[in-house]
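Single-structure report; data block below.
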Amino acid sequence: MTDLQVFDIFVAEGFVLTEFTGIVEVLRLANRINGTPVFEWHYRSWHGGPIACSSAAVIETTPLPSRPEADYLFVIGNSDPACPALSMGNSLANYTSRQARVVLLAEAASRYIAEHKGDPRSHTTHWENRAVLMERLGLFETKATLAVDGGAIITCAGMGATFDIALSIASQHISAATMMTVADVLLHERVRHFNTLQPFSGREVSSTGDTALDACIALMKDNMEFALPITEVAQRAKLSKRSLERKFNRVLKTTPNGYYRGLRLTKANNLLLNTDLRINEIGLACGFPSGFTTIYRQAFGMTPNAARKKGRPK
């Protein structure tokens with residue numbers, strides 16, 4: 001457990017700072033708490049030089065080596081799963097042929113899934129990108145878990161899950177006590193298993209304090225594209241429709257239909273502002289097979305096209 005483990009961290013222009021931090025801070029804290037260095041890391045890009053993240057912080061990088069010596073390669077994308085820089089080509093094989101493990105985060109995972117025509121059930125990506133894969137390529141069976149360990153290549157949802165994946169990998173090279181201390185310093189109270197489901201994926205939730213209501217919300221999140229009738233939601237949760245309505249009114253101050261519609265509209269707005277899906281594709285992905293523009297305008301005060309022209313949040 002004392003061998004120095006070397007990480008190459010590849011970043012594309014506009015990379016996600018949360019994911020970068022999720023890797024680097026876990027490794028840095030592990031070294032600090034362990035007392036002697038266990039991890040070393042290098043920042044990589046295609047051509048080297050300064051690379052800016054989406055929030056304008058800049059890191060200095062060196063070119064991706066043709067003969068890598070790292071034990072791990074993490075690939076961090078930006079908000080564009082079609083970003084050319086994420087088409088890694090033979091570079092991934094340069095690492096895996098030397099027994100290095102490759103971790104593809106979010107958009108990098110999406111690009112890999114789109115380019116490699118294997119079983120989509122053996123990979124995952126962030127739920128936003130999963131919606132793009134489903135609508136554009138018909139890859140409905142891509143997993144909705146935080147990560148999938150395919151051996152040489154791990155695909156991961158990225159964002160906050162990066163901390164879980166980094167902690168899990170670090171735990172293979174440091175003691176359990178050191179790993180838990182790192183998690184405690186990060187105020188990361190538990191390291192989630194790779195099989196933990198992402199939001200909008202039918203995961204168990206406990207956000208309301210009412211078990212039956214939580215089960216109904218989980219059903220709604222698991223059925224965004226093909227919305228269930230409220231009567232069916234109630235039946236699956238073993239409630240009467242009237243009882244379900246009372247619970248929503250008492251706890252959430254809304255109706256089941258209103259809450260369900262709000263969930264789907266919130267997802268639609270996020271996809272509109274953060275993906276390049278066409279308007280009709282977003283409507284279909286969020287359970288609005290017709291009339292989506294009108295529904296969106298009623299909810300947000302402008303058409304989907306106008307919202308896109310207004311610009312995405314920085």
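By convention in this document, the chains of the structure tokens carry letters A, B, ... by their order, each chain's residues are numbered from 1, and ligands are numbered from 1 in the order they are shown.
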
Subject >> All residues 8 Å or closer to Gly283 in chain A, only C-alpha atoms, same chain fewer than 5 positions away omitted, as a VMD selection string >> reply: chain A and resid 268 288 to 290 292

Subject >> Close residues, Gly49 in chain A itself excluded, 12 Å, only C-alpha atoms, min 6 positions apart in chain, as a list in words >> reply: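 My list of contacting residues is Val11, Ala12, Glu13, Tyr43, Val58, Ile59, Glu60, Thr61, Thr62, Pro63 and Leu64 of chain A.
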
**OP:** Show which residues sit within 10 Å of Val182 in chain A, as a list in words. Count only C-alpha atoms, and ignore same-chain residues fewer than 6 positions away.
**Re:**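 Using only C-alpha atoms, the neighbours found are Glu25, Val26, Leu27, Arg28, Leu29, Ala30, Asn31, Arg32, Ile33, Asn34, Leu167, Ala170, Ala176 and His188 of chain A.
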
Those residues you just picked out, can you put them in a file as a PDB file, in the first residue's frame with N, CA and C atoms?
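So again-v6.pdb came out as:
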```pdb
ATOM      1  N   GLU A  25      -8.434  17.051  -4.746  1.00  0.00           N
ATOM      2  CA  GLU A  25      -8.512  17.239  -3.296  1.00  0.00           C
ATOM      3  C   GLU A  25      -8.499  15.920  -2.540  1.00  0.00           C
ATOM      4  N   VAL A  26      -9.099  14.892  -3.107  1.00  0.00           N
ATOM      5  CA  VAL A  26      -9.034  13.574  -2.465  1.00  0.00           C
ATOM      6  C   VAL A  26      -7.591  13.090  -2.417  1.00  0.00           C
ATOM      7  N   LEU A  27      -6.860  13.227  -3.519  1.00  0.00           N
ATOM      8  CA  LEU A  27      -5.468  12.773  -3.551  1.00  0.00           C
ATOM      9  C   LEU A  27      -4.587  13.616  -2.635  1.00  0.00           C
ATOM     10  N   ARG A  28      -4.800  14.927  -2.662  1.00  0.00           N
ATOM     11  CA  ARG A  28      -3.991  15.828  -1.822  1.00  0.00           C
ATOM     12  C   ARG A  28      -4.206  15.543  -0.339  1.00  0.00           C
ATOM     13  N   LEU A  29      -5.466  15.409   0.055  1.00  0.00           N
ATOM     14  CA  LEU A  29      -5.757  15.154   1.471  1.00  0.00           C
ATOM     15  C   LEU A  29      -5.256  13.780   1.894  1.00  0.00           C
ATOM     16  N   ALA A  30      -5.350  12.804   1.010  1.00  0.00           N
ATOM     17  CA  ALA A  30      -4.849  11.466   1.344  1.00  0.00           C
ATOM     18  C   ALA A  30      -3.348  11.506   1.614  1.00  0.00           C
ATOM     19  N   ASN A  31      -2.612  12.251   0.785  1.00  0.00           N
ATOM     20  CA  ASN A  31      -1.165  12.399   1.022  1.00  0.00           C
ATOM     21  C   ASN A  31      -0.897  13.078   2.352  1.00  0.00           C
ATOM     22  N   ARG A  32      -1.663  14.130   2.633  1.00  0.00           N
ATOM     23  CA  ARG A  32      -1.454  14.889   3.866  1.00  0.00           C
ATOM     24  C   ARG A  32      -1.721  14.036   5.099  1.00  0.00           C
ATOM     25  N   ILE A  33      -2.820  13.302   5.056  1.00  0.00           N
ATOM     26  CA  ILE A  33      -3.223  12.519   6.228  1.00  0.00           C
ATOM     27  C   ILE A  33      -2.366  11.267   6.372  1.00  0.00           C
ATOM     28  N   ASN A  34      -1.949  10.708   5.257  1.00  0.00           N
ATOM     29  CA  ASN A  34      -1.120   9.501   5.310  1.00  0.00           C
ATOM     30  C   ASN A  34       0.276   9.783   5.867  1.00  0.00           C
ATOM     31  N   LEU A 167     -12.517   8.623  -3.940  1.00  0.00           N
ATOM     32  CA  LEU A 167     -12.333   8.015  -2.622  1.00  0.00           C
ATOM     33  C   LEU A 167     -12.269   6.494  -2.732  1.00  0.00           C
ATOM     34  N   ALA A 170      -8.870   5.649  -4.211  1.00  0.00           N
ATOM     35  CA  ALA A 170      -7.829   5.916  -3.219  1.00  0.00           C
ATOM     36  C   ALA A 170      -7.804   4.848  -2.132  1.00  0.00           C
ATOM     37  N   ALA A 176      -8.053   1.956   5.432  1.00  0.00           N
ATOM     38  CA  ALA A 176      -9.453   2.336   5.577  1.00  0.00           C
ATOM     39  C   ALA A 176      -9.597   3.542   6.500  1.00  0.00           C
ATOM     40  N   HIS A 188     -17.829  14.539   3.701  1.00  0.00           N
ATOM     41  CA  HIS A 188     -18.483  13.584   2.819  1.00  0.00           C
ATOM     42  C   HIS A 188     -18.839  12.390   3.686  1.00  0.00           C
TER      43      HIS A 188
END
```

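Coordinates place CA of Asp8 in chain A at a distance of 13.7 Å from CA of Gln99 in chain A.
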
Original post:
Could you state the separation of CA of Phe20 in chain A and CA of Arg130 in chain A in Å, given to one decimal place?
Top reply: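 CA of Phe20 in chain A sits 21.0 Å away from CA of Arg130 in chain A.
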
Original post:
Any idea what the distance is between CA of Ala109 in chain A and CA of Ala157 in chain A?
Top reply: 7.9 Å

Subject >> Shell around Gly291 in chain A at 12 Å using only C-alpha atoms, local window under 4 positions removed, as a PyMOL selection string >> reply: chain A and resi 279-280+282-284+287+295-298+303-304

Original post:
Which residues, written as a PyMOL selection string, have at least one atom at most 10 Å from Asp276 in chain A, with only C-alpha atoms counted and residues fewer than 4 positions away on the same chain left out?
Top reply: chain A and resi 79-82+132+271-272+281-282+308

Write the residues of the preceding selection, restricted to C-alpha atoms, as a PDB file, in the first residue's frame.
```pdb
ATOM      1  CA  SER A  79     -20.802  20.766 -20.957  1.00  0.00           C
ATOM      2  CA  ASP A  80     -20.584  19.420 -24.511  1.00  0.00           C
ATOM      3  CA  PRO A  81     -20.641  15.613 -24.920  1.00  0.00           C
ATOM      4  CA  ALA A  82     -19.780  16.133 -28.599  1.00  0.00           C
ATOM      5  CA  VAL A 132     -29.089  13.030 -25.112  1.00  0.00           C
ATOM      6  CA  LEU A 271     -31.835  20.175 -20.701  1.00  0.00           C
ATOM      7  CA  LEU A 272     -32.753  23.258 -22.700  1.00  0.00           C
ATOM      8  CA  GLU A 281     -36.439  16.058 -28.328  1.00  0.00           C
ATOM      9  CA  ILE A 282     -36.531  17.779 -24.943  1.00  0.00           C
ATOM     10  CA  ARG A 308     -31.943  29.609 -25.413  1.00  0.00           C
TER      11      ARG A 308
END
```
